[in-house]
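Single-structure report; data block below.
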Amino acid sequence: MQNGYSCGMKAYRLLGALLRNFPPEKAHRLAIQALRTPLLAPYKGSSNAALQQTICGLDFPNPVGMAAGFDKDAEAMAGLLRQGFGFVEVGTVTPLAQPGNPQPRVFRLPQDQAVINRLGFNNNGLRAFSDNLRHRPAVGIVGANLGKNKDSANAIADYVQGIRAVYALADYITINISSPNTQGLRNLQEANALYQLLDALLQARKHLEAAIERRVPLFVKIAPDMTTEERAAIAEVALYVGLDGLIVSNTTTARAATLKSKNYVQSGGLSGAPLFASSTKALRDMYRLTEGKIPLIGVGGISSAQDAYAKIKAGASLVQLYTALIYQGFGLVHSIVDELPNLLERDGYSHISQAIGKDA
Ligand SMILES: Cc1cc2nc3c(=O)[nH]c(=O)nc-3n(C[C@H](O)[C@H](O)[C@H](O)COP(=O)(O)O)c2cc1C
């Protein structure tokens with residue numbers, strides 16, 4: 001068993017090292033293809049009762065999710081779930097297909113274990129996305145992350161169109177208003193704009209819920225680049241409208257003076273290790289401001305079980321990751337899922353729910 005596991009880990013590392021020889025977008029495409037084949041060995045661990053939670057009516061086998069942006073067109077859901085993720089978020093999808101920004105637009109910052117991307121919502125559009133989602137695995141939690149088209153004149157209409165298209169197909173829906181690469185998108189985080197957007201979306205949900213007799217939870221994904229006042233305003237709107245959850249956070253436009261890789265000069269959203277501190281602070285703030293009343297998903301710079309655990313103690317019920325997978329491969333998911341129960345036990349907790357927000 002031990003041998004099989006370490007052989008598997010070696011194969012993962014080899015594949016990872018191989019992929020890093022390709023330019024980022026080519027490597028990404030190859031990773032998606034690999035996930036669609038039996039090439040990658042599935043995670044063989046069993047679900048640990050200490051990590052199982054029911055959140056917004058959904059049964060999560062573990063709290064570690066694939067963050068949005070990796071599987072933008074919902075092509076590799078089954079392969080990702082086989083890697084041991086407790087849930088997978090696909091998208092961001094926009095109503096119409098769009099090419100995104102000119103290439104190159106994804107840059108590795110290896111010395112910093114980080115990435116800068118300015119993809120700009122490249123995706124095949126809602127129709128292709130929904131066709132793929134219709135063939136989603138029956139078992140496993142899949143969330144759909146929605147955006148707006150670059151040239152759209154009516155952002156709210158784009159999100160309403162998105163929610164209608166995916167409602168019957170997804171386990172939860174994320175409203176992404178925090179990508180830094182679509183001009184004006186982050187303005188939707190301003191309290192009045194957010195209220196209008198959520199009001200329209202919750203109205204739309206009311207009709208959809210009645211039609212299919214299932215209430216699909218609605219999450220909003222926010223940026224880490226905000227003042228405490230701006231966060232407080234978001235928390236107030238979220239509690240007022242009865243939002244189901246918040247995802248904290250997307251990539252940052254800030255650049256720490258400590259970045260070492262030459263690509264730090266590129267414009268776009270920074271993710272990975274240098275995002276950990278600011279996104280965890282944003283998460284802790286949101287937990288306090290929402291008084292622990294709504295579930296939070298902690299994202300940003302998670303590269304170990306310790307990092308995932310720190311997010312949980314800062315207030316996250318669930319976590320997601322992306323960038324560290326580029327450097328460590330999917331073996332990281334296995335090690336986080338395997339290690340978390342030990343970290344809980346070390347602190348005297350028998351279940352993850354006892355640790356949530358303990359450092360907030
Ligand atoms: C290449 C790339 C593309 C991304 N695309 C999206 C996206 O389409 N929608 C979204 O909500 N977040 C997107 N993200 C942000 C991630 O979901 C996540 O919030 C962020 O990268 C922080 O987590 P990490 O440090 O673990 O990568 C993207 C991130 C990267 C690196």
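To be explicit about the labels: the chains of the structure tokens are called A, B, and onward in the order shown, and within each one the residues are counted from 1, while ligands get numbers from 1 in the order they are shown.
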
Would you give me, as JSON lines, each residue of chain A having an atom within 7 Å of an atom of ligand 1, along with its shortest atom pair and that distance in Å to one decimal, using only C-alpha atoms and all ligand atoms and sorting by chain and residue number?
{"residue": "A:Ala67", "atom": "CA", "partner": "ligand 1", "partner_atom_place_in_ligand_line": "17 (O)", "distance": 4.2}
{"residue": "A:Ala68", "atom": "CA", "partner": "ligand 1", "partner_atom_place_in_ligand_line": "17 (O)", "distance": 4.0}
{"residue": "A:Gly69", "atom": "CA", "partner": "ligand 1", "partner_atom_place_in_ligand_line": "5 (N)", "distance": 3.1}
{"residue": "A:Phe70", "atom": "CA", "partner": "ligand 1", "partner_atom_place_in_ligand_line": "3 (C)", "distance": 6.0}
{"residue": "A:Lys72", "atom": "CA", "partner": "ligand 1", "partner_atom_place_in_ligand_line": "8 (O)", "distance": 6.1}
{"residue": "A:Gly91", "atom": "CA", "partner": "ligand 1", "partner_atom_place_in_ligand_line": "8 (O)", "distance": 5.6}
{"residue": "A:Thr92", "atom": "CA", "partner": "ligand 1", "partner_atom_place_in_ligand_line": "8 (O)", "distance": 4.0}
{"residue": "A:Val106", "atom": "CA", "partner": "ligand 1", "partner_atom_place_in_ligand_line": "1 (C)", "distance": 6.3}
{"residue": "A:Val115", "atom": "CA", "partner": "ligand 1", "partner_atom_place_in_ligand_line": "31 (C)", "distance": 5.8}
{"residue": "A:Ile116", "atom": "CA", "partner": "ligand 1", "partner_atom_place_in_ligand_line": "31 (C)", "distance": 6.7}
{"residue": "A:Asn117", "atom": "CA", "partner": "ligand 1", "partner_atom_place_in_ligand_line": "1 (C)", "distance": 5.4}
{"residue": "A:Leu119", "atom": "CA", "partner": "ligand 1", "partner_atom_place_in_ligand_line": "3 (C)", "distance": 6.8}
{"residue": "A:Phe121", "atom": "CA", "partner": "ligand 1", "partner_atom_place_in_ligand_line": "8 (O)", "distance": 5.7}
{"residue": "A:Asn145", "atom": "CA", "partner": "ligand 1", "partner_atom_place_in_ligand_line": "11 (O)", "distance": 6.4}
{"residue": "A:Asn176", "atom": "CA", "partner": "ligand 1", "partner_atom_place_in_ligand_line": "11 (O)", "distance": 5.4}
{"residue": "A:Ser179", "atom": "CA", "partner": "ligand 1", "partner_atom_place_in_ligand_line": "10 (C)", "distance": 6.3}
{"residue": "A:Lys221", "atom": "CA", "partner": "ligand 1", "partner_atom_place_in_ligand_line": "11 (O)", "distance": 6.7}
{"residue": "A:Ser249", "atom": "CA", "partner": "ligand 1", "partner_atom_place_in_ligand_line": "19 (O)", "distance": 5.3}
{"residue": "A:Asn250", "atom": "CA", "partner": "ligand 1", "partner_atom_place_in_ligand_line": "19 (O)", "distance": 3.6}
{"residue": "A:Thr251", "atom": "CA", "partner": "ligand 1", "partner_atom_place_in_ligand_line": "20 (C)", "distance": 4.7}
{"residue": "A:Ser271", "atom": "CA", "partner": "ligand 1", "partner_atom_place_in_ligand_line": "25 (O)", "distance": 4.1}
{"residue": "A:Gly272", "atom": "CA", "partner": "ligand 1", "partner_atom_place_in_ligand_line": "25 (O)", "distance": 3.5}
{"residue": "A:Ala273", "atom": "CA", "partner": "ligand 1", "partner_atom_place_in_ligand_line": "25 (O)", "distance": 6.3}
{"residue": "A:Leu275", "atom": "CA", "partner": "ligand 1", "partner_atom_place_in_ligand_line": "25 (O)", "distance": 6.1}
{"residue": "A:Phe276", "atom": "CA", "partner": "ligand 1", "partner_atom_place_in_ligand_line": "25 (O)", "distance": 6.9}
{"residue": "A:Val299", "atom": "CA", "partner": "ligand 1", "partner_atom_place_in_ligand_line": "23 (O)", "distance": 5.0}
{"residue": "A:Gly300", "atom": "CA", "partner": "ligand 1", "partner_atom_place_in_ligand_line": "23 (O)", "distance": 3.6}
{"residue": "A:Gly301", "atom": "CA", "partner": "ligand 1", "partner_atom_place_in_ligand_line": "25 (O)", "distance": 3.6}
{"residue": "A:Ile302", "atom": "CA", "partner": "ligand 1", "partner_atom_place_in_ligand_line": "26 (O)", "distance": 5.3}
{"residue": "A:Gln320", "atom": "CA", "partner": "ligand 1", "partner_atom_place_in_ligand_line": "26 (O)", "distance": 6.5}
{"residue": "A:Leu321", "atom": "CA", "partner": "ligand 1", "partner_atom_place_in_ligand_line": "26 (O)", "distance": 3.5}
{"residue": "A:Tyr322", "atom": "CA", "partner": "ligand 1", "partner_atom_place_in_ligand_line": "27 (O)", "distance": 3.9}
{"residue": "A:Thr323", "atom": "CA", "partner": "ligand 1", "partner_atom_place_in_ligand_line": "27 (O)", "distance": 3.7}
{"residue": "A:Ala324", "atom": "CA", "partner": "ligand 1", "partner_atom_place_in_ligand_line": "26 (O)", "distance": 6.0}

Saved selection, atoms kept: C-alpha atoms, as a PDB file, in the first residue's frame:
ATOM      1  CA  ALA A  67     -11.249  26.516  -7.362  1.00  0.00           C
ATOM      2  CA  ALA A  68     -12.907  28.119 -10.388  1.00  0.00           C
ATOM      3  CA  GLY A  69     -10.890  28.900 -13.491  1.00  0.00           C
ATOM      4  CA  PHE A  70      -9.177  25.534 -13.950  1.00  0.00           C
ATOM      5  CA  LYS A  72     -13.735  26.808 -17.268  1.00  0.00           C
ATOM      6  CA  GLY A  91     -16.457  28.144 -14.914  1.00  0.00           C
ATOM      7  CA  THR A  92     -16.248  31.075 -15.013  1.00  0.00           C
ATOM      8  CA  VAL A 106      -0.730  33.472 -17.895  1.00  0.00           C
ATOM      9  CA  VAL A 115       0.921  32.841 -10.983  1.00  0.00           C
ATOM     10  CA  ILE A 116      -0.293  36.048 -12.614  1.00  0.00           C
ATOM     11  CA  ASN A 117      -3.170  35.683 -15.073  1.00  0.00           C
ATOM     12  CA  LEU A 119      -7.146  35.586 -19.125  1.00  0.00           C
ATOM     13  CA  PHE A 121     -12.946  35.016 -19.035  1.00  0.00           C
ATOM     14  CA  ASN A 145     -19.287  29.888 -11.490  1.00  0.00           C
ATOM     15  CA  ASN A 176     -18.165  35.953  -9.737  1.00  0.00           C
ATOM     16  CA  SER A 179     -12.094  38.903 -11.445  1.00  0.00           C
ATOM     17  CA  LYS A 221     -17.016  35.398  -4.819  1.00  0.00           C
ATOM     18  CA  SER A 249     -11.115  35.353  -2.349  1.00  0.00           C
ATOM     19  CA  ASN A 250     -10.276  35.813  -5.986  1.00  0.00           C
ATOM     20  CA  THR A 251      -6.789  36.879  -7.185  1.00  0.00           C
ATOM     21  CA  SER A 271      -2.538  33.943  -7.030  1.00  0.00           C
ATOM     22  CA  GLY A 272      -0.597  31.380  -5.006  1.00  0.00           C
ATOM     23  CA  ALA A 273       1.579  31.666  -1.910  1.00  0.00           C
ATOM     24  CA  LEU A 275      -1.902  35.769  -1.748  1.00  0.00           C
ATOM     25  CA  PHE A 276      -2.240  33.640   1.359  1.00  0.00           C
ATOM     26  CA  VAL A 299      -9.408  30.426  -1.145  1.00  0.00           C
ATOM     27  CA  GLY A 300      -6.016  31.962  -1.823  1.00  0.00           C
ATOM     28  CA  GLY A 301      -2.495  30.607  -1.518  1.00  0.00           C
ATOM     29  CA  ILE A 302      -3.268  27.235   0.066  1.00  0.00           C
ATOM     30  CA  GLN A 320     -10.511  25.737  -2.512  1.00  0.00           C
ATOM     31  CA  LEU A 321      -7.180  25.848  -4.289  1.00  0.00           C
ATOM     32  CA  TYR A 322      -5.679  26.179  -7.742  1.00  0.00           C
ATOM     33  CA  THR A 323      -2.163  27.651  -8.070  1.00  0.00           C
ATOM     34  CA  ALA A 324      -0.346  25.259  -5.721  1.00  0.00           C
TER      35      ALA A 324
END

DSSP says strand (DSSP E) for which residues of range 107-353 of chain A? Put them as a PyMOL selection string? chain A and resi 107-109+114-117+141-146+172-176+218-222+245-248+269-272+296-299+318-321

Restricting the calculation to only C-alpha atoms: of A:Ser350, A:Thr94, A:Thr253, A:Gln113, which residue gets closest to Leu325 in chain A? A:Gln113

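Distances here use only C-alpha atoms; by that measure, the residue among A:Gly357, A:Ser267, A:Ala310, A:Tyr167 closest to Arg288 in chain A is A:Gly357.
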
Range 47-57 of chain A surroundings by only C-alpha atoms, 6 Å radius, close-in-sequence under 4 positions cut, as a list in words: Pro61, Asn62, His351 and Ile352 of chain A

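For the set A:Tyr287, A:Leu96, A:Gln196, A:Gly292, the residue with the smallest atom-to-atom gap to Ser152 in chain A is A:Leu96, counting only C-alpha atoms.
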
Could you produce a table of the residues of range 79-170 of chain A lying within 8 Å of range 28-44 of chain A, with the nearest pair of atoms per residue and their separation in Å rounded to one decimal, using only C-alpha atoms, ordered by chain and increasing residue number, as a tab-separated table?
residue	atom	partner	partner_atom	distance
A:Gly79	CA	A:Leu35	CA	4.7
A:Leu80	CA	A:Leu35	CA	6.7
A:Arg82	CA	A:Pro42	CA	5.1
A:Gln83	CA	A:Tyr43	CA	5.0
A:Gly84	CA	A:Tyr43	CA	5.3

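Distances to Lys311 in chain A were evaluated for A:Glu291, A:Met226, A:Ala165, A:Pro63 using only C-alpha atoms, and the minimum falls at A:Pro63.
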
For Leu58 in chain A, please output as a count of residues only all residues within 10 Å (counting only C-alpha atoms; exclusion window: fewer than 5 positions along the same chain). 7

Range 128-263 of chain A: which residues are alpha helix (DSSP H) by DSSP, as a ChimeraX atom specification? /A:128-133,155-166,191-212,228-241

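Closest approach to Phe87 in chain A from the set A:Ile247, A:Ala200, A:Asn101, A:Val139 is made by A:Val139, with distances taken over only C-alpha atoms.
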
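Our summary of the geometry notes that CA of Lys313 in chain A is positioned 23.1 Å from CA of Leu218 in chain A.
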
So, counting only C-alpha atoms, which residue among A:Asn342, A:Thr174, A:Asn123, A:Asn21 is closest to Val142 in chain A? A:Thr174

Non-local contacts of Pro23 in chain A (12 Å; only C-alpha atoms; under 3 positions in same chain excluded) as an MDAnalysis selection string: chainID A and resid 18:20 26:30 103:108 326

Convert the current residue selection to file output with C-alpha atoms, as a CSV table (one decimal), in the first residue's frame.
chain,number,residue,atom,x,y,z
A,18,LEU,CA,6.9,17.4,-17.5
A,19,LEU,CA,4.0,19.8,-17.7
A,20,ARG,CA,6.0,22.7,-16.3
A,26,LYS,CA,-0.4,24.5,-23.2
A,27,ALA,CA,0.4,22.7,-19.9
A,28,HIS,CA,-3.1,23.5,-18.6
A,29,ARG,CA,-4.7,22.1,-21.8
A,30,LEU,CA,-2.6,18.9,-21.4
A,103,GLN,CA,-1.8,35.7,-25.4
A,104,PRO,CA,0.5,35.4,-23.5
A,105,ARG,CA,-1.8,36.0,-20.5
A,106,VAL,CA,-0.7,33.5,-17.9
A,107,PHE,CA,2.7,33.8,-16.2
A,108,ARG,CA,4.4,31.5,-13.7
A,326,ILE,CA,0.5,23.8,-10.8

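Reported to one decimal place, the separation of CA of Gly147 in chain A from CA of Gln98 in chain A is 11.6 Å.
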
Neighbouring residues of Asn181 in chain A were defined as those with any atom within 7 Å, considering only C-alpha atoms; residues of the same chain fewer than 4 positions away were excluded. Please report them as a VMD selection string. chain A and resid 118 to 120 268
